[in-house]
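A.B. asks: Structure provided below as structure tokens; questions to follow.
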Amino acid sequence: MTFEPKILGFLCNWCSYAGADLAGVSRIQYPTNIRVIRVMCSGRVDPVFVVDALLKGIDGVLILGCHLGDCHYITGNYETELKMKLLSKILGHIGFADRVRLDWVSAAEGNRFAHFVHEFTDIIKKLGPSPVSKKDQNAKLRDDLTAVRNALNDCRLRGIVARQRDLTSEGNVYGDVLNPETFDAFFDDAIEKELIRHKILVKIKDKGRSIPDIAKEIDLKAHLVLNHIVVLRARGLVDVDEINEEIPTFISMRGG
């Protein structure tokens with residue numbers, strides 16, 4: 001049986017949705033795999049929405065907005081670009097980056113819209129069904145995607161994205177301007193650390209676990225797990241659950 005992917009499309013009202021409409025009235029053929037959600041601006045697409053779709057078993061997500069410089073809300077699609085850069089980087093850590101795509105379509109580009117749907121559908125067909133739907137991998141991948149979702153919902157990564165343009169153009173409160181390479185290195189480090197911390201929180205959300213057990217579950221050295229636990233305790237997100245034979249177990253203060 002031929003695999004037909006389930007693709008979710010987020011289309012901005014003013015350009016890409018109008019481009020899709022033009023493709024329809026012009027009878028331009030494109031795959032019927034896509035299901036569309038119209039948003040007033042691509043900037044309204046929160047990365048968490050995309051991860052929610054992946055958690056529900058969607059095979060791929062396509063985000064289409066106005067061309068840069070043509071946004072109805074002036075800078076909305078620039079914000080989209082920054083947020084989707086974060087999403088792509090963090091999904092790359094768990095092998096899901098290729099299942100999400102951002103691009104630009106104007107109201108007059110029905111052919112361009114159809115081209116992107118064709119191209120993305122072919123990419124997802126080659127990747128195959130979402131591994132979330134595979135029962136033998138379901139639990140681990142769901143935990144990883146949940147950690148990604150929680151990290152994206154955390155104010156720390158959101159704050160970095162919100163300040164990116166200021167930090168690389170206007171500078172910080174001391175007037176220091178970061179060059180793009182320095183910012184990207186800082187950004188990548190923050191993404192990696194926050195994802196690991198949220199993986200830990202997912203693993204201990206319902207039951208206390210020891211450092212060695214957590215290290216084994218998330219495939220990380222025990223001393224690094226301990227470092228992250230120290231940070232999470234300082235944030236008030238983790239506490240000692242109990243101590244057995246001088247070995248402490250830790251549990252999330254957020255609970256399940």
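Residues in the structure tokens are named by chain (A, B, ... in the order shown) and by number from 1 within that chain; ligands are numbered from 1 in the order shown.
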Write out as a count of residues only all residues of range 16-236 of chain A that DSSP puts in strand (DSSP E) for this structure's backbone.

C.D. replies: 19

A.B. asks: Using only C-alpha atoms, find the one residue out of A:His115, A:Arg99, A:His67, A:Arg254 that sits nearest to Pro131 in chain A.

C.D. replies: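 Among A:His115, A:Arg99, A:His67, A:Arg254, it is A:Arg99 that comes nearest to Pro131 in chain A.
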
A.B. asks: Which neighbours of Ile214 in chain A fall inside 10 Å, counting only C-alpha atoms, when residues of the same chain fewer than 6 positions from it are skipped, and could you give them as a list in words?

C.D. replies: Lys199, Ile200, Leu201, Lys203, Ile204, Gly208, Leu220, Lys221, Ala222, Val225, Leu226, Thr249 and Phe250 of chain A

A.B. asks: Could you take the residues named above and write them with N, CA and C atoms, as a compact mmCIF listing (two decimals), in the first residue's frame?

C.D. replies:
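selection10.txt, freshly written:
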# COMPACT_ATOMS: atom_id res chain seq x y z
N LYS A 199 14.48 17.25 28.93
CA LYS A 199 14.45 15.78 28.84
C LYS A 199 14.50 15.19 30.25
N ILE A 200 15.35 15.74 31.09
CA ILE A 200 15.43 15.28 32.48
C ILE A 200 14.10 15.48 33.20
N LEU A 201 13.50 16.65 33.02
CA LEU A 201 12.22 16.94 33.69
C LEU A 201 11.12 15.98 33.24
N LYS A 203 11.58 12.88 32.27
CA LYS A 203 11.87 11.56 32.85
C LYS A 203 11.50 11.46 34.32
N ILE A 204 11.53 12.59 35.04
CA ILE A 204 11.28 12.54 36.49
C ILE A 204 9.97 13.24 36.85
N GLY A 208 10.54 9.71 41.14
CA GLY A 208 11.92 10.08 41.43
C GLY A 208 12.90 9.09 40.82
N LEU A 220 23.40 10.23 28.54
CA LEU A 220 24.29 11.33 28.88
C LEU A 220 25.13 10.91 30.09
N LYS A 221 26.36 11.38 30.16
CA LYS A 221 27.23 11.02 31.28
C LYS A 221 26.66 11.54 32.59
N ALA A 222 26.85 10.75 33.64
CA ALA A 222 26.23 11.03 34.94
C ALA A 222 26.65 12.39 35.50
N VAL A 225 24.62 15.07 33.89
CA VAL A 225 23.26 15.07 34.43
C VAL A 225 23.23 15.79 35.77
N LEU A 226 24.22 15.50 36.61
CA LEU A 226 24.29 16.15 37.92
C LEU A 226 24.39 17.67 37.77
N THR A 249 17.28 10.31 44.97
CA THR A 249 16.52 10.36 43.73
C THR A 249 15.87 11.74 43.64
N PHE A 250 15.67 12.19 42.40
CA PHE A 250 15.16 13.54 42.16
C PHE A 250 13.84 13.47 41.40

A.B. asks: Got a sec: who's within 6 Å of Leu167 in chain A, counting only C-alpha atoms, leaving out chain neighbours fewer than 4 positions off, as a list of chain:residue names?

C.D. replies: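 Contacts, with the query itself left out: A:Arg163, A:Gly171, A:Asn172, A:Val177, A:Leu178.
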
A.B. asks: Could the residues of range 141-173 of chain A that have an atom at most 10 Å from range 83-93 of chain A be listed as a Markdown table, each with its closest atom pair and the distance in Å to one decimal, counting only C-alpha atoms and ordered by chain and ascending residue number?

C.D. replies:
| residue | atom | partner | partner_atom | distance |
| --- | --- | --- | --- | --- |
| A:Asp144 | CA | A:His93 | CA | 9.4 |
| A:Leu145 | CA | A:Leu91 | CA | 8.3 |
| A:Val148 | CA | A:Ile90 | CA | 6.9 |
| A:Arg149 | CA | A:Leu87 | CA | 9.6 |
| A:Ala151 | CA | A:Ile90 | CA | 8.9 |
| A:Leu152 | CA | A:Leu87 | CA | 7.8 |
| A:Leu157 | CA | A:Leu86 | CA | 8.3 |
| A:Arg158 | CA | A:Lys83 | CA | 8.4 |
| A:Ile160 | CA | A:Leu86 | CA | 9.7 |
| A:Val161 | CA | A:Lys83 | CA | 6.7 |
| A:Ala162 | CA | A:Lys83 | CA | 8.8 |

A.B. asks: Tell me, as a PyMOL selection string, which residues lie within 12 Å of range 137-143 of chain A, counting only C-alpha atoms; anything in the same chain fewer than 2 positions away does not count.

C.D. replies: chain A and resi 51-57+91+93-96+130-135+145-150+195-196+198-205+217-219

A.B. asks: Can you list every residue of range 111-143 of chain A that has an atom at most 10 Å from range 11-32 of chain A, with its nearest atom pair and the distance in Å to one decimal, using only C-alpha atoms, ordered by chain then number, as a Markdown table?

C.D. replies:
| residue | atom | partner | partner_atom | distance |
| --- | --- | --- | --- | --- |
| A:Asn111 | CA | A:Ala23 | CA | 6.4 |
| A:Arg112 | CA | A:Gly19 | CA | 8.0 |
| A:Phe113 | CA | A:Ala20 | CA | 6.0 |
| A:Ala114 | CA | A:Tyr30 | CA | 5.2 |
| A:His115 | CA | A:Tyr30 | CA | 7.6 |
| A:Phe116 | CA | A:Tyr30 | CA | 9.1 |
| A:Val117 | CA | A:Tyr30 | CA | 6.5 |
| A:His118 | CA | A:Tyr30 | CA | 6.0 |
| A:Glu119 | CA | A:Pro31 | CA | 9.7 |
| A:Phe120 | CA | A:Pro31 | CA | 9.9 |
| A:Thr121 | CA | A:Pro31 | CA | 7.4 |
| A:Asp122 | CA | A:Pro31 | CA | 9.6 |
